[in-house]
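Engineer: Below is the file work_19.cif, which contains mmCIF, C-alpha atoms.
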```cif
data_my_file
loop_
_atom_site.label_atom_id
_atom_site.label_comp_id
_atom_site.auth_asym_id
_atom_site.auth_seq_id
_atom_site.Cartn_x
_atom_site.Cartn_y
_atom_site.Cartn_z
CA MET A 607 -8.63 -7.89 -23.54
CA LYS A 608 -5.81 -8.80 -25.89
CA PRO A 609 -2.19 -9.61 -25.09
CA ALA A 610 -1.41 -6.70 -27.44
CA ASP A 611 -2.48 -4.39 -24.59
CA LEU A 612 0.85 -5.05 -22.84
CA ASP A 613 2.29 -1.61 -22.29
CA PRO A 614 5.89 -1.27 -23.51
CA VAL A 615 6.72 1.32 -20.83
CA ILE A 616 5.39 -0.81 -17.97
CA HIS A 617 6.61 -4.13 -19.34
CA ALA A 618 10.23 -3.70 -18.21
CA PRO A 619 10.53 -5.73 -14.96
CA LYS A 620 11.79 -2.84 -12.81
CA ARG A 621 9.07 -0.49 -13.97
CA LEU A 622 6.45 -3.23 -13.58
CA ALA A 623 7.60 -3.71 -9.96
CA ILE A 624 7.53 0.06 -9.38
CA MET A 625 4.03 0.39 -10.86
CA ALA A 626 2.77 -2.58 -8.83
CA THR A 627 4.17 -1.03 -5.64
CA LEU A 628 2.57 2.31 -6.51
CA ARG A 629 -0.73 0.49 -7.11
CA GLY A 630 -0.54 -0.79 -3.54
CA GLY A 631 0.18 2.61 -2.03
CA THR A 632 -1.58 5.93 -2.38
CA LEU A 633 1.72 7.73 -1.81
CA VAL A 634 5.14 6.11 -1.99
CA GLU A 635 8.46 7.73 -1.19
CA PHE A 636 11.59 7.42 -3.31
CA ARG A 637 13.55 5.91 -0.39
CA TYR A 638 10.89 3.22 0.16
CA LEU A 639 10.94 2.20 -3.51
CA LYS A 640 14.73 2.20 -3.53
CA ASN A 641 14.99 -0.04 -0.46
CA GLU A 642 12.16 -2.42 -1.28
CA LEU A 643 13.10 -2.90 -4.94
CA GLU A 644 16.84 -2.83 -4.21
CA LEU A 645 17.60 -0.28 -6.92
CA SER A 646 20.32 2.35 -7.03
CA ASP A 647 19.39 6.04 -6.86
CA SER A 648 20.31 6.61 -10.49
CA ASP A 649 18.49 3.53 -11.75
CA LEU A 650 15.33 4.35 -9.82
CA SER A 651 15.49 7.97 -11.00
CA LYS A 652 15.79 6.79 -14.58
CA GLN A 653 12.81 4.45 -14.26
CA MET A 654 10.70 7.10 -12.52
CA THR A 655 11.52 9.62 -15.25
CA ALA A 656 10.35 7.15 -17.89
CA LEU A 657 7.12 6.52 -15.99
CA SER A 658 6.64 10.23 -15.35
CA ASN A 659 7.21 11.10 -19.02
CA ALA A 660 4.58 8.54 -19.96
CA GLY A 661 2.16 10.31 -17.60
CA PHE A 662 1.81 7.26 -15.35
CA VAL A 663 3.29 8.80 -12.22
CA ALA A 664 2.96 12.18 -10.49
CA THR A 665 5.80 13.51 -8.36
CA ARG A 666 5.63 15.65 -5.23
CA LYS A 667 8.70 16.99 -3.49
CA LYS A 668 8.39 17.72 0.21
CA ARG A 669 10.66 19.49 2.61
CA THR A 670 10.50 18.67 6.31
CA GLY A 671 13.06 20.70 8.23
CA ALA A 672 16.42 19.93 6.67
CA ASN A 673 15.15 16.76 5.01
CA ARG A 674 13.90 16.60 1.47
CA SER A 675 11.81 13.75 0.22
CA THR A 676 10.23 12.84 -3.08
CA TRP A 677 6.85 11.16 -3.10
CA TYR A 678 5.12 9.46 -6.00
CA ARG A 679 1.57 8.53 -6.75
CA MET A 680 0.08 6.71 -9.68
CA THR A 681 -2.05 8.87 -11.98
CA ALA A 682 -5.44 7.78 -13.30
CA LYS A 683 -3.79 7.17 -16.68
CA GLY A 684 -1.13 5.04 -15.00
CA ARG A 685 -3.75 3.05 -13.11
CA ARG A 686 -5.66 2.33 -16.32
CA ALA A 687 -2.48 1.32 -18.14
CA PHE A 688 -1.31 -0.87 -15.25
CA ASP A 689 -4.68 -2.60 -14.85
CA ALA A 690 -4.84 -3.21 -18.62
CA HIS A 691 -1.30 -4.58 -18.54
CA VAL A 692 -2.11 -6.97 -15.70
CA ALA A 693 -5.30 -8.07 -17.46
CA SER A 694 -3.22 -8.80 -20.58
CA LEU A 695 -0.80 -10.87 -18.53
CA GLU A 696 -3.78 -12.85 -17.22
CA VAL A 697 -4.93 -13.44 -20.80
CA LEU A 698 -1.43 -14.62 -21.68
CA LEU A 699 -1.43 -16.92 -18.66
CA ALA A 700 -4.75 -18.42 -19.73
CA LEU A 701 -3.43 -18.88 -23.28
CA SER A 702 -0.23 -20.52 -22.04
CA ASP A 703 -2.28 -22.86 -19.83
CA GLN A 704 -4.36 -23.82 -22.86
CA LEU A 705 -1.18 -24.50 -24.84
CA ASP A 706 0.12 -26.62 -21.98
CA ASP A 707 -3.11 -28.62 -22.00
CA VAL A 708 -2.80 -29.16 -25.74
CA THR A 709 0.83 -30.29 -25.61
CA GLU A 710 0.68 -32.29 -22.36
CA PRO A 711 -0.66 -35.61 -23.82
CA ASP A 712 2.60 -36.00 -25.76
CA GLY A 713 4.62 -34.97 -22.76
CA ALA A 714 6.28 -32.22 -24.78
CA HIS A 715 5.73 -28.49 -24.48
CA ALA A 716 5.70 -26.71 -27.80
CA VAL A 717 5.90 -23.33 -26.07
CA ASP A 718 8.10 -22.60 -23.10
CA GLY A 719 5.38 -21.51 -20.69
CA GLY A 720 4.15 -18.72 -22.95
CA SER A 721 7.04 -16.31 -22.83
CA THR A 722 6.07 -12.64 -22.75
CA ALA A 723 9.15 -11.56 -24.61
CA PRO A 724 8.59 -8.95 -27.27
CA GLY A 725 7.61 -10.50 -30.52
CA THR A 726 6.02 -13.53 -28.96
CA THR A 727 2.75 -11.76 -28.41
CA MET B 1410 14.46 3.30 -22.96
CA GLU B 1411 15.44 0.85 -25.66
CA SER B 1412 18.10 -0.61 -23.40
CA ASP B 1413 15.26 -1.58 -21.11
CA ALA B 1414 13.88 -3.74 -23.87
CA ASP B 1415 16.86 -6.01 -23.31
CA GLU B 1416 16.05 -6.40 -19.65
CA ARG B 1417 12.49 -7.28 -20.40
CA ALA B 1418 11.16 -10.54 -19.19
CA VAL B 1419 12.60 -12.57 -22.03
CA GLY B 1420 11.45 -16.10 -21.36
CA ARG B 1421 9.62 -15.10 -18.18
CA ARG B 1422 6.25 -16.72 -17.81
CA PRO B 1423 3.11 -14.60 -17.30
CA ALA B 1424 2.51 -16.61 -14.10
CA ASP B 1425 5.86 -15.42 -12.70
CA GLU B 1426 5.18 -11.85 -13.71
CA LEU B 1427 1.71 -11.91 -12.17
CA LEU B 1428 3.11 -13.36 -8.94
CA ASP B 1429 5.73 -10.59 -8.84
CA VAL B 1430 3.01 -8.01 -9.49
CA ARG B 1431 0.89 -9.44 -6.67
CA ARG B 1432 3.84 -9.41 -4.26
CA ALA B 1433 4.75 -5.85 -5.19
CA THR B 1434 1.15 -4.61 -4.92
CA LEU B 1435 0.86 -6.14 -1.44
CA ARG B 1436 4.24 -4.79 -0.32
CA PRO B 1437 2.96 -1.39 0.93
CA HIS B 1438 0.46 -3.25 3.12
CA LEU B 1439 2.95 -5.71 4.55
CA GLU B 1440 6.41 -4.21 4.76
CA TYR B 1441 7.05 -1.09 6.79
CA PRO B 1442 8.53 -0.17 10.17
CA ALA B 1443 6.21 -0.30 13.18
CA PRO B 1444 5.09 3.03 14.69
CA PRO B 1445 7.25 4.29 17.56
CA GLY B 1446 6.03 3.64 21.12
CA TRP B 1447 5.23 7.28 21.88
CA VAL B 1448 2.49 7.28 19.26
CA TRP B 1449 -0.02 5.55 21.55
CA PRO B 1450 0.13 7.92 24.58
CA THR B 1451 0.17 10.86 22.15
CA LEU B 1452 -3.00 9.60 20.47
CA GLY B 1453 -4.49 9.09 23.95
CA ALA B 1454 -3.67 12.67 24.91
CA ALA B 1455 -5.18 13.96 21.66
CA ALA B 1456 -8.35 11.91 22.21
CA ALA B 1457 -8.60 13.21 25.79
CA LEU B 1458 -8.08 16.81 24.63
CA TYR B 1459 -10.71 16.44 21.93
CA THR B 1460 -13.25 14.96 24.34
CA TRP B 1461 -12.51 17.53 27.03
CA SER B 1462 -12.84 20.39 24.54
CA TRP B 1463 -16.58 19.75 24.49
CA ALA B 1464 -16.71 20.58 28.19
CA LEU B 1465 -15.20 24.01 27.59
CA ASP B 1466 -17.10 27.06 26.41
CA GLN B 1467 -17.70 27.08 22.66
CA PRO B 1468 -16.25 28.53 20.49
CA ALA B 1469 -13.50 29.70 22.89
CA PRO B 1470 -11.59 28.12 24.50
CA GLY B 1471 -13.23 24.85 23.38
CA LEU B 1472 -12.65 25.32 19.66
CA PRO B 1473 -8.89 26.02 19.85
CA VAL B 1474 -8.41 22.98 22.10
CA MET B 1475 -10.36 20.87 19.61
CA VAL B 1476 -8.24 22.18 16.74
CA VAL B 1477 -5.05 21.38 18.67
CA ALA B 1478 -6.30 17.82 19.34
CA LEU B 1479 -7.09 17.28 15.64
CA ALA B 1480 -3.74 18.81 14.63
CA ILE B 1481 -1.92 16.36 16.90
CA ASN B 1482 -3.80 13.48 15.25
CA PHE B 1483 -2.89 14.68 11.76
CA TRP B 1484 0.70 15.26 12.78
CA VAL B 1485 0.97 11.70 14.18
CA VAL B 1486 -0.49 10.23 10.97
CA ALA B 1487 1.89 12.36 8.87
CA HIS B 1488 4.85 11.29 11.02
CA ILE B 1489 3.97 7.58 10.68
CA THR B 1490 3.55 7.98 6.90
CA ARG B 1491 6.92 9.75 6.59
CA ARG B 1492 8.57 7.04 8.68
CA ARG B 1493 7.03 4.25 6.61
CA GLY B 1494 7.66 5.96 3.31
CA VAL B 1495 4.34 4.67 2.05
CA PHE B 1496 0.67 5.31 2.58
CA PRO B 1497 -1.22 2.11 1.70
CA GLU B 1498 -4.09 2.23 -0.79
CA PHE B 1499 -7.28 0.90 0.78
CA SER B 1500 -8.67 -0.51 -2.49
CA THR B 1501 -5.71 -2.87 -2.90
CA MET B 1502 -5.65 -3.96 0.75
CA PRO B 1503 -5.85 -7.76 1.14
CA ARG B 1504 -9.24 -8.92 2.40
CA PRO B 1505 -8.07 -10.14 5.86
CA LEU B 1506 -6.40 -6.77 6.51
CA ARG B 1507 -9.48 -4.93 5.29
CA ARG B 1508 -11.67 -6.99 7.62
CA GLU B 1509 -9.36 -6.08 10.49
CA ALA B 1510 -9.56 -2.38 9.54
CA PHE B 1511 -13.37 -2.50 9.48
CA ARG B 1512 -13.32 -4.27 12.83
CA ALA B 1513 -11.15 -1.52 14.33
CA TRP B 1514 -13.40 1.22 12.89
CA ALA B 1515 -16.47 -0.54 14.30
CA LEU B 1516 -14.79 -0.66 17.73
CA VAL B 1517 -13.93 3.05 17.44
CA ALA B 1518 -17.60 3.80 16.65
CA VAL B 1519 -18.77 1.72 19.62
CA LEU B 1520 -16.29 3.44 21.92
CA ALA B 1521 -17.39 6.86 20.65
CA ALA B 1522 -20.97 5.91 21.55
CA ILE B 1523 -19.81 4.79 25.01
CA VAL B 1524 -17.95 8.09 25.48
CA ILE B 1525 -21.07 10.10 24.53
CA VAL B 1526 -23.31 8.05 26.81
CA SER B 1527 -20.87 8.24 29.73
CA TRP B 1528 -20.57 12.00 29.14
CA GLN B 1529 -24.35 12.37 29.42
CA MET B 1530 -24.98 9.86 32.17
CA VAL B 1531 -21.84 9.92 34.33
CA SER B 1532 -19.51 12.89 33.87
CA PRO B 1533 -17.22 14.60 31.33
CA VAL B 1534 -14.20 13.51 33.39
CA VAL B 1535 -15.10 9.83 33.08
CA ALA B 1536 -15.79 10.26 29.34
CA THR B 1537 -12.38 11.94 28.90
CA ILE B 1538 -10.61 9.12 30.76
CA ILE B 1539 -12.41 6.50 28.64
CA SER B 1540 -11.31 8.39 25.51
CA ALA B 1541 -7.73 8.73 26.67
CA VAL B 1542 -7.39 5.01 27.36
CA GLY B 1543 -9.87 3.44 24.96
CA PHE B 1544 -8.97 4.94 21.58
CA PRO B 1545 -5.20 4.30 21.72
CA ALA B 1546 -5.87 0.82 23.13
CA ILE B 1547 -8.07 0.00 20.14
CA MET B 1548 -5.47 1.39 17.70
CA TYR B 1549 -2.64 -0.45 19.44
CA ALA B 1550 -4.57 -3.75 19.36
CA HIS B 1551 -5.43 -3.09 15.72
CA GLN B 1552 -1.77 -2.49 14.88
CA ARG B 1553 -0.75 -5.77 16.52
CA ARG B 1554 -3.47 -7.76 14.76
CA HIS B 1555 -2.64 -6.05 11.46
CA ASP B 1556 1.03 -6.99 11.87
CA ALA B 1557 0.16 -10.61 12.69
CA ILE B 1558 -2.09 -10.90 9.61
CA ALA B 1559 0.54 -9.17 7.46
CA ARG B 1560 3.17 -11.68 8.62
CA GLU B 1561 0.87 -14.58 7.67
CA ILE B 1562 0.23 -13.12 4.21
CA ALA B 1563 3.94 -12.44 3.70
CA ALA B 1564 4.75 -16.03 4.70
CA ASP B 1565 2.17 -17.34 2.21
CA LEU B 1566 3.66 -15.21 -0.55
CA ALA B 1567 7.16 -16.36 0.28
CA GLU B 1568 6.25 -20.02 -0.27
CA PRO B 1569 7.76 -21.35 -3.49
CA ASP B 1570 5.54 -21.57 -6.53
CA PRO B 1571 4.41 -25.22 -6.90
CA HIS B 1572 4.52 -24.79 -10.70
CA GLU B 1573 8.21 -23.96 -10.63
CA PRO B 1574 10.33 -26.74 -12.12
#
```
Take the structure in the file and give it back as structure tokens.

Structural biologist:
Amino acid sequence: MKPADLDPVIHAPKRLAIMATLRGGTLVEFRYLKNELELSDSDLSKQMTALSNAGFVATRKKRTGANRSTWYRMTAKGRRAFDAHVASLEVLLALSDQLDDVTEPDGAHAVDGGSTAPGTT
Amino acid sequence: MESDADERAVGRRPADELLDVRRATLRPHLEYPAPPGWVWPTLGAAAALYTWSWALDQPAPGLPVMVVALAINFWVVAHITRRRGVFPEFSTMPRPLRREAFRAWALVAVLAAIVIVSWQMVSPVVATIISAVGFPAIMYAHQRRHDAIAREIAADLAEPDPHEP
């Protein structure tokens, strides 16, 4: 596993939080994601569209009486991408720990905790 | 999408991101509203109907009664899922919660055996009463234990990261 496996679609913090929540639930409703992640309707819609376009999320609209609800589930492709992304983060964490060990004797940290910002990987 | 690049975790440590991922993955198992109180007597009635359906002539009227009992169960599960807004994924369930789920299933299996034995050795009425009381009692106790464990896990997750400066 290489840090290069970080997925650019998932890497944005909001989408990472959404994907992690979807990993924990077989089916997750729009309202639940909105409340738990404290996102606006438009922002969440935008993020879900990006994830859906990437093929990471499947959408199902349900109608119960007068109420409409939108449910999401992670696709197999999304699960693979998310698991690979998390594994890459673990590799990065191990690398940053090694860097810390190398720099600690001098009391100075050459790298600020192994930032995952684009370009640093 | 490019604007999202700006909001990326610039300067965020992998440890922070992994902790956030862990919290978010556990969220569907820990944070949701409790089932309403009427769920337990409804499940009891469905269990009683299902058990009693075996005492009726098969396929009619026993089969329709059985179907109604199963439909009530599915409807209750669907209602709870709608209310929660999430259906937790078993594979990502934390180990203590999974142990508690297995424990509840084992109790359900034991009670089912007791119901069958009491049906054969005592009477269908006694078996139906045991079903009506026993199954919802097990599920209610399971829900309470699940909530207690979930609170403990949530409290552990809420503790500040010792590596934070």

Engineer: My list of candidates is A:Val697, A:Ala690, A:Val663, A:Leu650. Which is closest to chain B when distances are computed with all atoms listed in the file?

Structural biologist: A:Val697

Engineer: For chain A, which residue out of B:Pro1470, B:Pro1503, B:Gly1543, B:Pro1450 is the nearest one, using all atoms listed in the file?

Structural biologist: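 The answer is B:Pro1503, which sits nearest to chain A.
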
Engineer: May I have the residues within 12 Å of Ala1536 of chain B as a VMD selection string, using all atoms listed in the file and disregarding those fewer than 3 positions away in the same chain?

Structural biologist: chain B and resid 1456 to 1464 1520 to 1533 1539 to 1544

Engineer: Using all atoms listed in the file for the distances, tell me which of A:Phe636, A:Ser651, A:Ala626, A:Lys620 is nearest to His691 of chain A.

Structural biologist: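 Of A:Phe636, A:Ser651, A:Ala626, A:Lys620, the one nearest His691 of chain A, counting all atoms listed in the file, is A:Ala626.
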
Engineer: Can you turn the PyMOL selection byres ((chain A) within 9 of (chain B)) into a concrete residue list for this file, as a count of residues only?

Structural biologist: 44

Engineer: I'd like the box whose edges run along x, y and z of the file and which contains every listed atom of segment 1443-1449 of chain B, padded by 3 Å per side; could you state its centre and edge lengths in Å, one decimal, as lines of an AutoDock Vina configuration file?

Structural biologist:
```
center_x = 3.6
center_y = 3.5
center_z = 17.5
size_x = 13.3
size_y = 13.6
size_z = 14.7
```

Engineer: One number please: atom CA of Lys667 of chain A to atom CA of Trp1447 of chain B, in Å, one decimal.

Structural biologist: 27.4 Å

Engineer: Using only C-alpha atoms, pick whichever of B:Ile1481, B:Val1486, B:Ala1455, B:Val1517 has the shortest atom-to-atom distance to Ile1547 of chain B.

Structural biologist: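 Of B:Ile1481, B:Val1486, B:Ala1455, B:Val1517, the one nearest Ile1547 of chain B is B:Val1517, counting only C-alpha atoms.
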
Engineer: Got a sec: who's within 7 Å of Pro1545 of chain B, counting all atoms listed in the file, leaving out chain neighbours fewer than 6 positions off, as a list of chain:residue names?

Structural biologist: B:Trp1449, B:Leu1452, B:Gly1453

Engineer: Just to confirm, what's the straight-line distance from atom CA of Thr665 of chain A to atom CA of Asp689 of chain A in Å (one decimal)?

Structural biologist: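 Between atom CA of Thr665 of chain A and atom CA of Asp689 of chain A the gap works out to 20.3 Å.
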
Engineer: What is the distance between atom CA of Ala1515 of chain B and atom CA of Ala1550 of chain B, in Å to one decimal?

Structural biologist: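 Between atom CA of Ala1515 of chain B and atom CA of Ala1550 of chain B the gap works out to 13.3 Å.
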